[in-house]
>>> print(open('entry.cif').read())   # mmCIF, C-alpha atoms and all ligand atoms
data_target
loop_
_atom_site.label_atom_id
_atom_site.label_comp_id
_atom_site.auth_asym_id
_atom_site.auth_seq_id
_atom_site.Cartn_x
_atom_site.Cartn_y
_atom_site.Cartn_z
CA MET C 282 -0.10 -12.97 16.71
CA PRO C 283 3.44 -14.09 15.85
CA ASP C 284 2.96 -17.65 17.11
CA LEU C 285 0.10 -18.17 14.66
CA PHE C 286 1.71 -16.61 11.64
CA GLU C 287 1.47 -19.53 9.29
CA ALA C 288 -2.06 -20.49 10.24
CA GLU C 289 -4.07 -18.95 7.40
CA GLY C 290 -3.87 -19.29 3.64
CA PRO C 291 -5.22 -16.85 1.04
CA ILE C 292 -8.81 -15.62 1.29
CA GLU C 293 -10.37 -14.32 -1.94
CA LEU C 294 -11.75 -10.82 -1.28
CA ALA C 295 -12.98 -10.25 -4.83
CA GLU C 296 -12.13 -11.67 -8.24
CA ASP C 297 -8.30 -11.90 -8.35
CA ALA C 298 -7.92 -10.04 -5.02
CA TYR C 299 -6.52 -11.99 -2.07
CA LEU C 300 -5.89 -11.44 1.62
CA VAL C 301 -3.23 -13.58 3.29
CA PRO C 302 -3.68 -12.92 7.02
CA GLY C 303 -0.47 -12.57 9.01
CA TYR C 304 1.79 -13.57 6.13
CA LEU C 305 4.22 -10.71 6.76
CA ALA C 306 4.31 -10.78 10.56
CA ARG C 307 7.50 -12.84 10.52
CA TYR C 308 9.23 -10.19 8.38
CA SER C 309 8.10 -7.04 10.17
CA SER C 310 11.12 -6.71 12.46
CA GLU C 311 13.46 -6.70 9.45
CA MET C 312 11.23 -4.35 7.45
CA ILE C 313 10.77 -1.66 10.12
CA PRO C 314 14.45 -0.54 10.21
CA LEU C 315 14.48 -0.42 6.38
CA LEU C 316 11.40 1.81 6.48
CA ARG C 317 12.87 4.12 9.14
CA ASN C 318 15.92 4.56 6.93
CA ILE C 319 13.79 5.42 3.87
CA LEU C 320 11.76 7.92 5.89
CA ARG C 321 14.93 9.68 7.06
CA MET C 322 15.79 10.34 3.40
CA ALA C 323 12.23 11.00 2.18
CA PRO C 324 10.11 12.21 5.12
CA LEU C 325 6.40 11.53 5.39
CA ARG C 326 4.22 14.40 4.24
CA ARG C 327 0.58 15.13 3.51
CA MET C 328 -0.28 15.62 -0.14
CA GLN C 329 -2.74 18.04 -1.67
CA VAL C 330 -5.29 16.76 -4.17
CA PRO C 331 -6.24 18.56 -7.40
CA GLY C 332 -9.54 19.80 -5.91
CA GLY C 333 -7.56 21.70 -3.23
CA GLY C 334 -8.16 19.40 -0.26
CA TRP C 335 -5.48 17.47 1.60
CA MET C 336 -5.18 13.73 2.07
CA THR C 337 -5.24 12.85 5.77
CA SER C 338 -2.69 10.03 5.55
CA GLN C 339 0.99 10.87 5.18
CA ILE C 340 2.92 9.61 2.19
CA SER C 341 6.46 8.79 1.15
CA GLY C 342 8.03 5.99 -0.83
CA CYS C 343 11.02 4.46 -2.51
CA GLY C 344 11.92 3.05 -5.90
CA GLN C 345 12.43 4.47 -9.37
CA VAL C 346 9.18 6.42 -9.11
CA VAL C 347 6.63 7.22 -6.40
CA TRP C 348 3.04 8.33 -6.75
CA VAL C 349 2.52 12.02 -5.97
CA SER C 350 -0.43 14.38 -5.90
CA ASP C 351 -0.70 18.16 -6.01
CA LEU C 352 -2.96 20.83 -7.48
CA ASP C 353 -1.84 19.76 -10.98
CA GLY C 354 -3.05 16.19 -10.54
CA TYR C 355 -1.87 12.68 -9.78
CA ARG C 356 1.22 11.09 -11.33
CA TYR C 357 4.31 9.00 -10.75
CA SER C 358 7.43 11.09 -10.23
CA THR C 359 11.14 10.19 -10.26
CA ILE C 360 11.81 13.19 -7.97
CA ASP C 361 10.62 13.68 -4.41
CA PRO C 362 8.95 17.12 -4.56
CA LEU C 363 9.74 17.72 -0.87
CA THR C 364 13.52 17.23 -1.15
CA GLY C 365 14.07 17.83 -4.87
CA ARG C 366 16.11 14.61 -4.98
CA ALA C 367 15.50 11.17 -6.42
CA TRP C 368 13.48 8.88 -4.15
CA PRO C 369 15.51 6.44 -2.02
CA GLU C 370 16.26 3.17 -3.80
CA MET C 371 13.95 0.29 -3.02
CA PRO C 372 15.92 -2.01 -0.69
CA ASP C 373 16.56 -5.39 -2.36
CA ARG C 374 14.98 -7.15 0.59
CA LEU C 375 11.70 -5.22 0.21
CA HIS C 376 11.65 -5.94 -3.53
CA GLN C 377 12.26 -9.61 -2.81
CA LEU C 378 9.46 -9.77 -0.22
CA ALA C 379 7.03 -8.12 -2.66
CA VAL C 380 7.93 -10.56 -5.46
CA GLN C 381 7.62 -13.52 -3.08
CA SER C 382 4.26 -12.22 -1.79
CA ALA C 383 2.80 -11.84 -5.29
CA ALA C 384 3.86 -15.40 -6.08
CA VAL C 385 2.02 -16.74 -3.01
CA VAL C 386 -1.27 -16.07 -4.79
CA GLY C 387 -0.06 -16.94 -8.29
CA PHE C 388 1.26 -13.66 -9.76
CA THR C 389 4.65 -14.99 -10.79
CA ASP C 390 6.21 -12.25 -12.93
CA PHE C 391 5.79 -9.24 -10.66
CA SER C 392 8.72 -6.82 -10.37
CA PRO C 393 7.76 -3.55 -8.68
CA ASP C 394 9.44 -0.25 -9.50
CA CYS C 395 7.54 1.70 -6.82
CA CYS C 396 6.89 1.20 -3.14
CA LEU C 397 4.40 3.78 -1.88
CA ILE C 398 4.38 4.25 1.89
CA ASN C 399 1.12 5.44 3.47
CA CYS C 400 1.05 6.27 7.16
CA TYR C 401 -2.18 6.63 9.13
CA ARG C 402 -2.90 7.79 12.67
CA PRO C 403 -6.21 7.30 14.48
CA GLY C 404 -8.86 9.55 12.88
CA THR C 405 -7.26 9.49 9.43
CA GLY C 406 -8.27 7.39 6.41
CA MET C 407 -8.39 7.35 2.64
CA GLY C 408 -11.42 8.06 0.47
CA LEU C 409 -12.72 5.66 -2.17
CA HIS C 410 -10.43 5.69 -5.18
CA ARG C 411 -9.07 3.53 -7.98
CA ASP C 412 -5.38 2.95 -8.62
CA LYS C 413 -5.25 3.94 -12.26
CA ASP C 414 -2.09 6.00 -12.72
CA GLU C 415 0.07 2.96 -13.50
CA ARG C 416 0.93 2.29 -17.13
CA ASP C 417 -0.04 -1.38 -17.30
CA PHE C 418 -2.96 -2.79 -15.35
CA SER C 419 -1.95 -6.39 -16.00
CA ALA C 420 0.44 -6.18 -13.02
CA PRO C 421 -1.09 -6.62 -9.56
CA ILE C 422 -0.62 -4.34 -6.57
CA VAL C 423 0.95 -5.92 -3.51
CA SER C 424 -0.06 -4.35 -0.19
CA PHE C 425 1.62 -4.85 3.21
CA SER C 426 -0.12 -3.68 6.37
CA LEU C 427 1.87 -2.98 9.55
CA GLY C 428 0.89 -1.47 12.89
CA ILE C 429 -2.62 -0.76 14.14
CA PRO C 430 -5.64 -2.21 12.32
CA ALA C 431 -7.70 -0.48 9.65
CA VAL C 432 -10.91 -1.32 7.84
CA PHE C 433 -10.29 -1.73 4.12
CA LEU C 434 -13.32 -0.77 2.03
CA PHE C 435 -13.69 -2.29 -1.35
CA GLY C 436 -16.42 -1.86 -3.86
CA GLY C 437 -16.61 -2.50 -7.56
CA HIS C 438 -16.08 -0.87 -10.93
CA ARG C 439 -18.44 1.98 -10.14
CA ARG C 440 -18.14 4.40 -7.25
CA ARG C 441 -21.75 3.68 -6.30
CA ASP C 442 -21.25 -0.10 -6.13
CA PRO C 443 -21.79 -1.65 -2.70
CA VAL C 444 -18.71 -1.64 -0.47
CA SER C 445 -17.56 -4.51 1.72
CA ARG C 446 -15.30 -4.11 4.75
CA VAL C 447 -12.29 -6.16 5.75
CA THR C 448 -10.09 -5.47 8.76
CA LEU C 449 -6.40 -5.39 7.89
CA GLU C 450 -4.07 -6.12 10.79
CA HIS C 451 -0.34 -6.04 11.39
CA GLY C 452 1.34 -8.47 9.00
CA ASP C 453 -1.56 -8.86 6.60
CA LEU C 454 -0.83 -9.19 2.89
CA VAL C 455 -3.25 -8.12 0.15
CA VAL C 456 -2.48 -8.89 -3.50
CA TRP C 457 -4.82 -7.40 -5.98
CA GLY C 458 -4.81 -7.76 -9.76
CA GLY C 459 -6.69 -9.16 -12.70
CA LYS C 460 -10.44 -8.61 -12.90
CA SER C 461 -10.72 -6.40 -9.80
CA ARG C 462 -7.54 -4.40 -10.42
CA LEU C 463 -9.53 -1.21 -11.05
CA TYR C 464 -12.13 -1.62 -8.31
CA TYR C 465 -12.89 1.32 -6.03
CA HIS C 466 -11.40 0.97 -2.55
CA GLY C 467 -10.44 3.03 0.48
CA ILE C 468 -9.59 3.01 4.17
CA ALA C 469 -12.15 3.91 6.85
CA LYS C 470 -11.06 6.38 9.52
CA LEU C 471 -8.86 4.47 11.95
CA ALA C 472 -9.97 3.88 15.51
CA ASN C 473 -7.67 4.58 18.45
CA ALA C 474 -5.24 1.75 19.04
CA THR C 475 -1.58 1.15 19.88
CA HIS C 476 0.78 -1.36 18.33
CA SER C 477 3.71 -2.80 20.33
CA GLU C 478 6.36 -1.95 17.69
CA LEU C 479 4.87 1.06 15.90
CA GLY C 480 2.72 2.84 18.50
CA ALA C 481 -0.49 4.56 17.33
CA LEU C 482 0.36 4.17 13.64
CA ARG C 483 -0.59 2.11 10.63
CA ILE C 484 1.89 1.81 7.79
CA ASN C 485 0.76 0.47 4.45
CA LEU C 486 3.24 -0.34 1.71
CA THR C 487 1.90 -0.75 -1.81
CA PHE C 488 4.28 -2.16 -4.38
CA ARG C 489 3.46 -1.33 -7.96
CA GLU C 490 4.72 -1.71 -11.49
CA ALA C 491 4.11 1.90 -12.40
CA LEU C 492 6.39 2.37 -15.40
C1 LIG H 1 -4.03 1.27 2.38
N1 LIG H 1 -4.21 0.85 0.07
O1 LIG H 1 -4.17 0.08 2.61
C2 LIG H 1 -4.33 1.85 1.05
N2 LIG H 1 -4.64 0.17 -3.39
O2 LIG H 1 -3.69 2.06 3.26
C3 LIG H 1 -4.62 1.02 -1.20
O3 LIG H 1 -5.12 2.05 -1.58
C4 LIG H 1 -4.46 -0.10 -2.12
O4 LIG H 1 -3.94 -1.68 -0.42
C5 LIG H 1 -4.57 -0.80 -4.30
C6 LIG H 1 -4.27 -2.10 -3.96
C7 LIG H 1 -4.05 -2.42 -2.64
C8 LIG H 1 -4.14 -1.40 -1.69
FE FE H 2 -5.30 2.23 -3.70
#
>>> encode(input="entry.cif", output="structure tokens", more="lines below")
Ligand code: MD6
Ligand code: FE
Amino acid sequence: MPDLFEAEGPIELAEDAYLVPGYLARYSSEMIPLLRNILRMAPLRRMQVPGGGWMTSQISGCGQVVWVSDLDGYRYSTIDPLTGRAWPEMPDRLHQLAVQSAAVVGFTDFSPDCCLINCYRPGTGMGLHRDKDERDFSAPIVSFSLGIPAVFLFGGHRRRDPVSRVTLEHGDLVVWGGKSRLYYHGIAKLANATHSELGALRINLTFREAL
């Protein structure tokens, strides 16, 4: 709710993992046109995983490198495999918002080289995984949620650890580093919903220091 956007401070989800509800709502109308422009140059696509299955969310990104997956495995790539070209540059404004967001919860020397864009429709989700393809785990991951809500699942160091659930709404910021940086996490299948600016879509941006 835009009129409440400064109401809530950081909530600790796990050790060194924070949710700042609504923090980004005030920036969404300037971010959405930047995202549309990126997606014109690097369209959303589903990615295949090494086991042969397909992720249900659609992925794109911008920056020096973007995370990709195919039958050969997971990695960061300087080239968009769909277009054969370099990924679009990360807009300065997005970089600035990611740096500012990390600082809100105390990560003061964050400078992302990757912005991964994940797009979900109702009925799609993301299985439990760890983000472990980055070179240096001392940097946090900064996550922006826009559009319809999703339930974020987060567990622990082991896949079998108990999982807690947090609803992420339009404008929510998650910053995740330190002790829980390698925790298992995922996104439950989205319920039907419609967002006033984005329709029946959820867009998640994750900013990373991958290189
Ligand atoms: C998503 N996010 O929110 C997927 N990973 O759609 C992630 O997988 C994620 O939000 C690491 C840190 C923050 C995240
Ligand atoms: Fe992740």
>>> closest_residue(input="entry.cif", among="C:Val444, C:Val386, C:Val455, C:Leu397", to="Gln339 of chain C", atoms="all atoms listed in the file")
C:Leu397
>>> closest_atom_pairs(input="entry.cif", of="chain C", to="ligand LIG 1 (chain H)", cutoff="9 Å", atoms="only C-alpha atoms and all ligand atoms", output="JSON lines")
{"residue": "C:Ala298", "atom": "CA", "partner": "H:LIG1", "partner_atom": "C6", "distance": 8.8}
{"residue": "C:Ser338", "atom": "CA", "partner": "H:LIG1", "partner_atom": "O2", "distance": 8.4}
{"residue": "C:Ile398", "atom": "CA", "partner": "H:LIG1", "partner_atom": "O2", "distance": 8.5}
{"residue": "C:Asn399", "atom": "CA", "partner": "H:LIG1", "partner_atom": "O2", "distance": 5.9}
{"residue": "C:Cys400", "atom": "CA", "partner": "H:LIG1", "partner_atom": "O2", "distance": 7.4}
{"residue": "C:Tyr401", "atom": "CA", "partner": "H:LIG1", "partner_atom": "O2", "distance": 7.6}
{"residue": "C:Gly406", "atom": "CA", "partner": "H:LIG1", "partner_atom": "O2", "distance": 7.7}
{"residue": "C:Met407", "atom": "CA", "partner": "H:LIG1", "partner_atom": "C2", "distance": 7.0}
{"residue": "C:Gly408", "atom": "CA", "partner": "H:LIG1", "partner_atom": "O3", "distance": 8.9}
{"residue": "C:Leu409", "atom": "CA", "partner": "H:LIG1", "partner_atom": "O3", "distance": 8.4}
{"residue": "C:His410", "atom": "CA", "partner": "H:LIG1", "partner_atom": "O3", "distance": 7.4}
{"residue": "C:Arg411", "atom": "CA", "partner": "H:LIG1", "partner_atom": "N2", "distance": 7.2}
{"residue": "C:Asp412", "atom": "CA", "partner": "H:LIG1", "partner_atom": "C5", "distance": 5.8}
{"residue": "C:Pro421", "atom": "CA", "partner": "H:LIG1", "partner_atom": "C6", "distance": 7.9}
{"residue": "C:Ile422", "atom": "CA", "partner": "H:LIG1", "partner_atom": "C6", "distance": 5.0}
{"residue": "C:Val423", "atom": "CA", "partner": "H:LIG1", "partner_atom": "C7", "distance": 6.2}
{"residue": "C:Ser424", "atom": "CA", "partner": "H:LIG1", "partner_atom": "O4", "distance": 4.7}
{"residue": "C:Phe425", "atom": "CA", "partner": "H:LIG1", "partner_atom": "O4", "distance": 7.4}
{"residue": "C:Ser426", "atom": "CA", "partner": "H:LIG1", "partner_atom": "O1", "distance": 6.7}
{"residue": "C:Ala431", "atom": "CA", "partner": "H:LIG1", "partner_atom": "O1", "distance": 7.9}
{"residue": "C:Val432", "atom": "CA", "partner": "H:LIG1", "partner_atom": "O1", "distance": 8.6}
{"residue": "C:Phe433", "atom": "CA", "partner": "H:LIG1", "partner_atom": "O1", "distance": 6.6}
{"residue": "C:Leu449", "atom": "CA", "partner": "H:LIG1", "partner_atom": "O1", "distance": 7.9}
{"residue": "C:Leu454", "atom": "CA", "partner": "H:LIG1", "partner_atom": "O4", "distance": 8.8}
{"residue": "C:Val455", "atom": "CA", "partner": "H:LIG1", "partner_atom": "C7", "distance": 6.4}
{"residue": "C:Val456", "atom": "CA", "partner": "H:LIG1", "partner_atom": "C7", "distance": 6.7}
{"residue": "C:Trp457", "atom": "CA", "partner": "H:LIG1", "partner_atom": "C6", "distance": 5.7}
{"residue": "C:Gly458", "atom": "CA", "partner": "H:LIG1", "partner_atom": "C6", "distance": 8.1}
{"residue": "C:Arg462", "atom": "CA", "partner": "H:LIG1", "partner_atom": "C6", "distance": 7.6}
{"residue": "C:Leu463", "atom": "CA", "partner": "H:LIG1", "partner_atom": "C5", "distance": 8.4}
{"residue": "C:Tyr464", "atom": "CA", "partner": "H:LIG1", "partner_atom": "C5", "distance": 8.6}
{"residue": "C:Tyr465", "atom": "CA", "partner": "H:LIG1", "partner_atom": "N2", "distance": 8.7}
{"residue": "C:His466", "atom": "CA", "partner": "H:LIG1", "partner_atom": "O3", "distance": 6.4}
{"residue": "C:Gly467", "atom": "CA", "partner": "H:LIG1", "partner_atom": "O3", "distance": 5.8}
{"residue": "C:Ile468", "atom": "CA", "partner": "H:LIG1", "partner_atom": "O2", "distance": 6.0}
{"residue": "C:Arg483", "atom": "CA", "partner": "H:LIG1", "partner_atom": "O2", "distance": 8.0}
{"residue": "C:Ile484", "atom": "CA", "partner": "H:LIG1", "partner_atom": "O2", "distance": 7.2}
{"residue": "C:Asn485", "atom": "CA", "partner": "H:LIG1", "partner_atom": "O2", "distance": 4.9}
{"residue": "C:Leu486", "atom": "CA", "partner": "H:LIG1", "partner_atom": "C1", "distance": 7.5}
{"residue": "C:Thr487", "atom": "CA", "partner": "H:LIG1", "partner_atom": "O4", "distance": 6.1}
{"residue": "C:Phe488", "atom": "CA", "partner": "H:LIG1", "partner_atom": "C7", "distance": 8.5}
{"residue": "C:Arg489", "atom": "CA", "partner": "H:LIG1", "partner_atom": "C6", "distance": 8.7}
>>> closest_residue(input="entry.cif", among="C:Met336, C:Leu375, C:Ala469, C:Cys343", to="Ile313 of chain C", atoms="all atoms listed in the file")
C:Leu375
>>> closest_residue(input="entry.cif", among="C:Gly344, C:Gly332, C:Gly354, C:Pro302", to="Asp373 of chain C", atoms="all atoms listed in the file")
C:Gly344
>>> residues_around(input="entry.cif", residues="Val349 of chain C", least_positions_apart="5", cutoff="8 Å", atoms="only C-alpha atoms", output="PDB file with C-alpha atoms, keeping the file's coordinate frame")
ATOM      1  CA  MET C 328      -0.280  15.620  -0.140  1.00  0.00           C
ATOM      2  CA  TYR C 355      -1.870  12.680  -9.780  1.00  0.00           C
ATOM      3  CA  ARG C 356       1.220  11.090 -11.330  1.00  0.00           C
ATOM      4  CA  TYR C 357       4.310   9.000 -10.750  1.00  0.00           C
ATOM      5  CA  SER C 358       7.430  11.090 -10.230  1.00  0.00           C
TER       6      SER C 358
END
>>> residues_near_point(input="entry.cif", point="(-10.6, 2.7, 14.5)", cutoff="8 Å", atoms="all atoms listed in the file", output="list in words")
Pro403, Gly404, Pro430, Ala431, Val432, Ala469, Lys470, Leu471, Ala472, Asn473 and Ala474 of chain C
>>> closest_residue(input="entry.cif", among="C:Ser382, C:Trp348, C:Ala306, C:Leu427", to="ligand FE 2 (chain H)", atoms="only C-alpha atoms and all ligand atoms")
C:Trp348
>>> atom_distance(input="entry.cif", atom1="atom CA of Met322 of chain C", atom2="atom CA of Thr364 of chain C")
8.6 Å
>>> residues_around(input="entry.cif", residues="Asp390 of chain C", least_positions_apart="2", cutoff="9 Å", atoms="only C-alpha atoms", output="count of residues only")
6
>>> closest_residue(input="entry.cif", among="C:Glu296, C:Glu370, C:Glu289, C:Glu478", to="Lys460 of chain C", atoms="all atoms listed in the file")
C:Glu296
>>> closest_residue(input="entry.cif", among="C:Asp442, C:Val447, C:Ser310, C:Met371", to="Ile292 of chain C", atoms="only C-alpha atoms")
C:Val447
>>> axis_aligned_box(input="entry.cif", around="segment 438-454 of chain C", padding_each_side="4 Å", output="lines of an AutoDock Vina configuration file")
center_x = -10.2
center_y = -2.4
center_z = 0.2
size_x = 31.1
size_y = 21.6
size_z = 30.3
>>> atom_distance(input="entry.cif", atom1="atom CA of Arg402 of chain C", atom2="atom CA of Gly303 of chain C")
20.8 Å
>>> residues_around(input="entry.cif", residues="Ala323 of chain C", least_positions_apart="3", cutoff="9 Å", atoms="all atoms listed in the file", output="NGL selection string")
:C and (318-320 or 326 or 341-343 or 361 or 363-364 or 366 or 368-369)
>>> residues_around(input="entry.cif", residues="Pro291 of chain C", least_positions_apart="2", cutoff="6 Å", atoms="all atoms listed in the file", output="count of residues only")
3
>>> atom_distance(input="entry.cif", atom1="atom CA of Arg307 of chain C", atom2="atom CA of Pro324 of chain C")
25.8 Å
>>> build_atoms(input="entry.cif", residues="segment 391-411 of chain C", atoms="N, CA and C atoms", output="PDB file, in the frame of the given file")
ATOM      1  N   PHE C 391       5.893 -10.587 -11.223  1.00  0.00           N
ATOM      2  CA  PHE C 391       5.790  -9.240 -10.660  1.00  0.00           C
ATOM      3  C   PHE C 391       7.183  -8.707 -10.332  1.00  0.00           C
ATOM      4  N   SER C 392       7.454  -7.465 -10.727  1.00  0.00           N
ATOM      5  CA  SER C 392       8.720  -6.820 -10.370  1.00  0.00           C
ATOM      6  C   SER C 392       8.466  -5.326 -10.158  1.00  0.00           C
ATOM      7  N   PRO C 393       8.177  -4.930  -8.912  1.00  0.00           N
ATOM      8  CA  PRO C 393       7.760  -3.550  -8.680  1.00  0.00           C
ATOM      9  C   PRO C 393       8.877  -2.537  -8.876  1.00  0.00           C
ATOM     10  N   ASP C 394       8.497  -1.369  -9.395  1.00  0.00           N
ATOM     11  CA  ASP C 394       9.440  -0.250  -9.500  1.00  0.00           C
ATOM     12  C   ASP C 394       9.074   0.876  -8.529  1.00  0.00           C
ATOM     13  N   CYS C 395       8.004   0.684  -7.782  1.00  0.00           N
ATOM     14  CA  CYS C 395       7.540   1.700  -6.820  1.00  0.00           C
ATOM     15  C   CYS C 395       7.074   1.016  -5.547  1.00  0.00           C
ATOM     16  N   CYS C 396       7.484   1.577  -4.424  1.00  0.00           N
ATOM     17  CA  CYS C 396       6.890   1.200  -3.140  1.00  0.00           C
ATOM     18  C   CYS C 396       6.365   2.488  -2.513  1.00  0.00           C
ATOM     19  N   LEU C 397       5.045   2.613  -2.494  1.00  0.00           N
ATOM     20  CA  LEU C 397       4.400   3.780  -1.880  1.00  0.00           C
ATOM     21  C   LEU C 397       4.184   3.474  -0.403  1.00  0.00           C
ATOM     22  N   ILE C 398       4.554   4.419   0.448  1.00  0.00           N
ATOM     23  CA  ILE C 398       4.380   4.250   1.890  1.00  0.00           C
ATOM     24  C   ILE C 398       3.268   5.203   2.340  1.00  0.00           C
ATOM     25  N   ASN C 399       2.231   4.636   2.944  1.00  0.00           N
ATOM     26  CA  ASN C 399       1.120   5.440   3.470  1.00  0.00           C
ATOM     27  C   ASN C 399       1.072   5.260   4.973  1.00  0.00           C
ATOM     28  N   CYS C 400       1.027   6.348   5.702  1.00  0.00           N
ATOM     29  CA  CYS C 400       1.050   6.270   7.160  1.00  0.00           C
ATOM     30  C   CYS C 400      -0.206   6.930   7.726  1.00  0.00           C
ATOM     31  N   TYR C 401      -0.908   6.185   8.571  1.00  0.00           N
ATOM     32  CA  TYR C 401      -2.180   6.630   9.130  1.00  0.00           C
ATOM     33  C   TYR C 401      -2.095   6.679  10.651  1.00  0.00           C
ATOM     34  N   ARG C 402      -2.705   7.708  11.220  1.00  0.00           N
ATOM     35  CA  ARG C 402      -2.900   7.790  12.670  1.00  0.00           C
ATOM     36  C   ARG C 402      -4.387   7.666  12.933  1.00  0.00           C
ATOM     37  N   PRO C 403      -4.777   7.368  14.189  1.00  0.00           N
ATOM     38  CA  PRO C 403      -6.210   7.300  14.480  1.00  0.00           C
ATOM     39  C   PRO C 403      -6.918   8.574  13.998  1.00  0.00           C
ATOM     40  N   GLY C 404      -8.096   8.401  13.396  1.00  0.00           N
ATOM     41  CA  GLY C 404      -8.860   9.550  12.880  1.00  0.00           C
ATOM     42  C   GLY C 404      -8.574   9.875  11.430  1.00  0.00           C
ATOM     43  N   THR C 405      -7.537   9.261  10.841  1.00  0.00           N
ATOM     44  CA  THR C 405      -7.260   9.490   9.430  1.00  0.00           C
ATOM     45  C   THR C 405      -7.686   8.289   8.594  1.00  0.00           C
ATOM     46  N   GLY C 406      -7.839   8.475   7.299  1.00  0.00           N
ATOM     47  CA  GLY C 406      -8.270   7.390   6.410  1.00  0.00           C
ATOM     48  C   GLY C 406      -7.958   7.753   4.972  1.00  0.00           C
ATOM     49  N   MET C 407      -8.578   7.030   4.059  1.00  0.00           N
ATOM     50  CA  MET C 407      -8.390   7.350   2.640  1.00  0.00           C
ATOM     51  C   MET C 407      -9.705   7.117   1.915  1.00  0.00           C
ATOM     52  N   GLY C 408     -10.144   8.133   1.176  1.00  0.00           N
ATOM     53  CA  GLY C 408     -11.420   8.060   0.470  1.00  0.00           C
ATOM     54  C   GLY C 408     -11.404   7.000  -0.618  1.00  0.00           C
ATOM     55  N   LEU C 409     -12.597   6.639  -1.090  1.00  0.00           N
ATOM     56  CA  LEU C 409     -12.720   5.660  -2.170  1.00  0.00           C
ATOM     57  C   LEU C 409     -12.000   6.173  -3.407  1.00  0.00           C
ATOM     58  N   HIS C 410     -11.189   5.310  -3.989  1.00  0.00           N
ATOM     59  CA  HIS C 410     -10.430   5.690  -5.180  1.00  0.00           C
ATOM     60  C   HIS C 410     -10.125   4.432  -5.983  1.00  0.00           C
ATOM     61  N   ARG C 411      -9.614   4.640  -7.192  1.00  0.00           N
ATOM     62  CA  ARG C 411      -9.070   3.530  -7.980  1.00  0.00           C
ATOM     63  C   ARG C 411      -7.604   3.812  -8.217  1.00  0.00           C
TER      64      ARG C 411
END
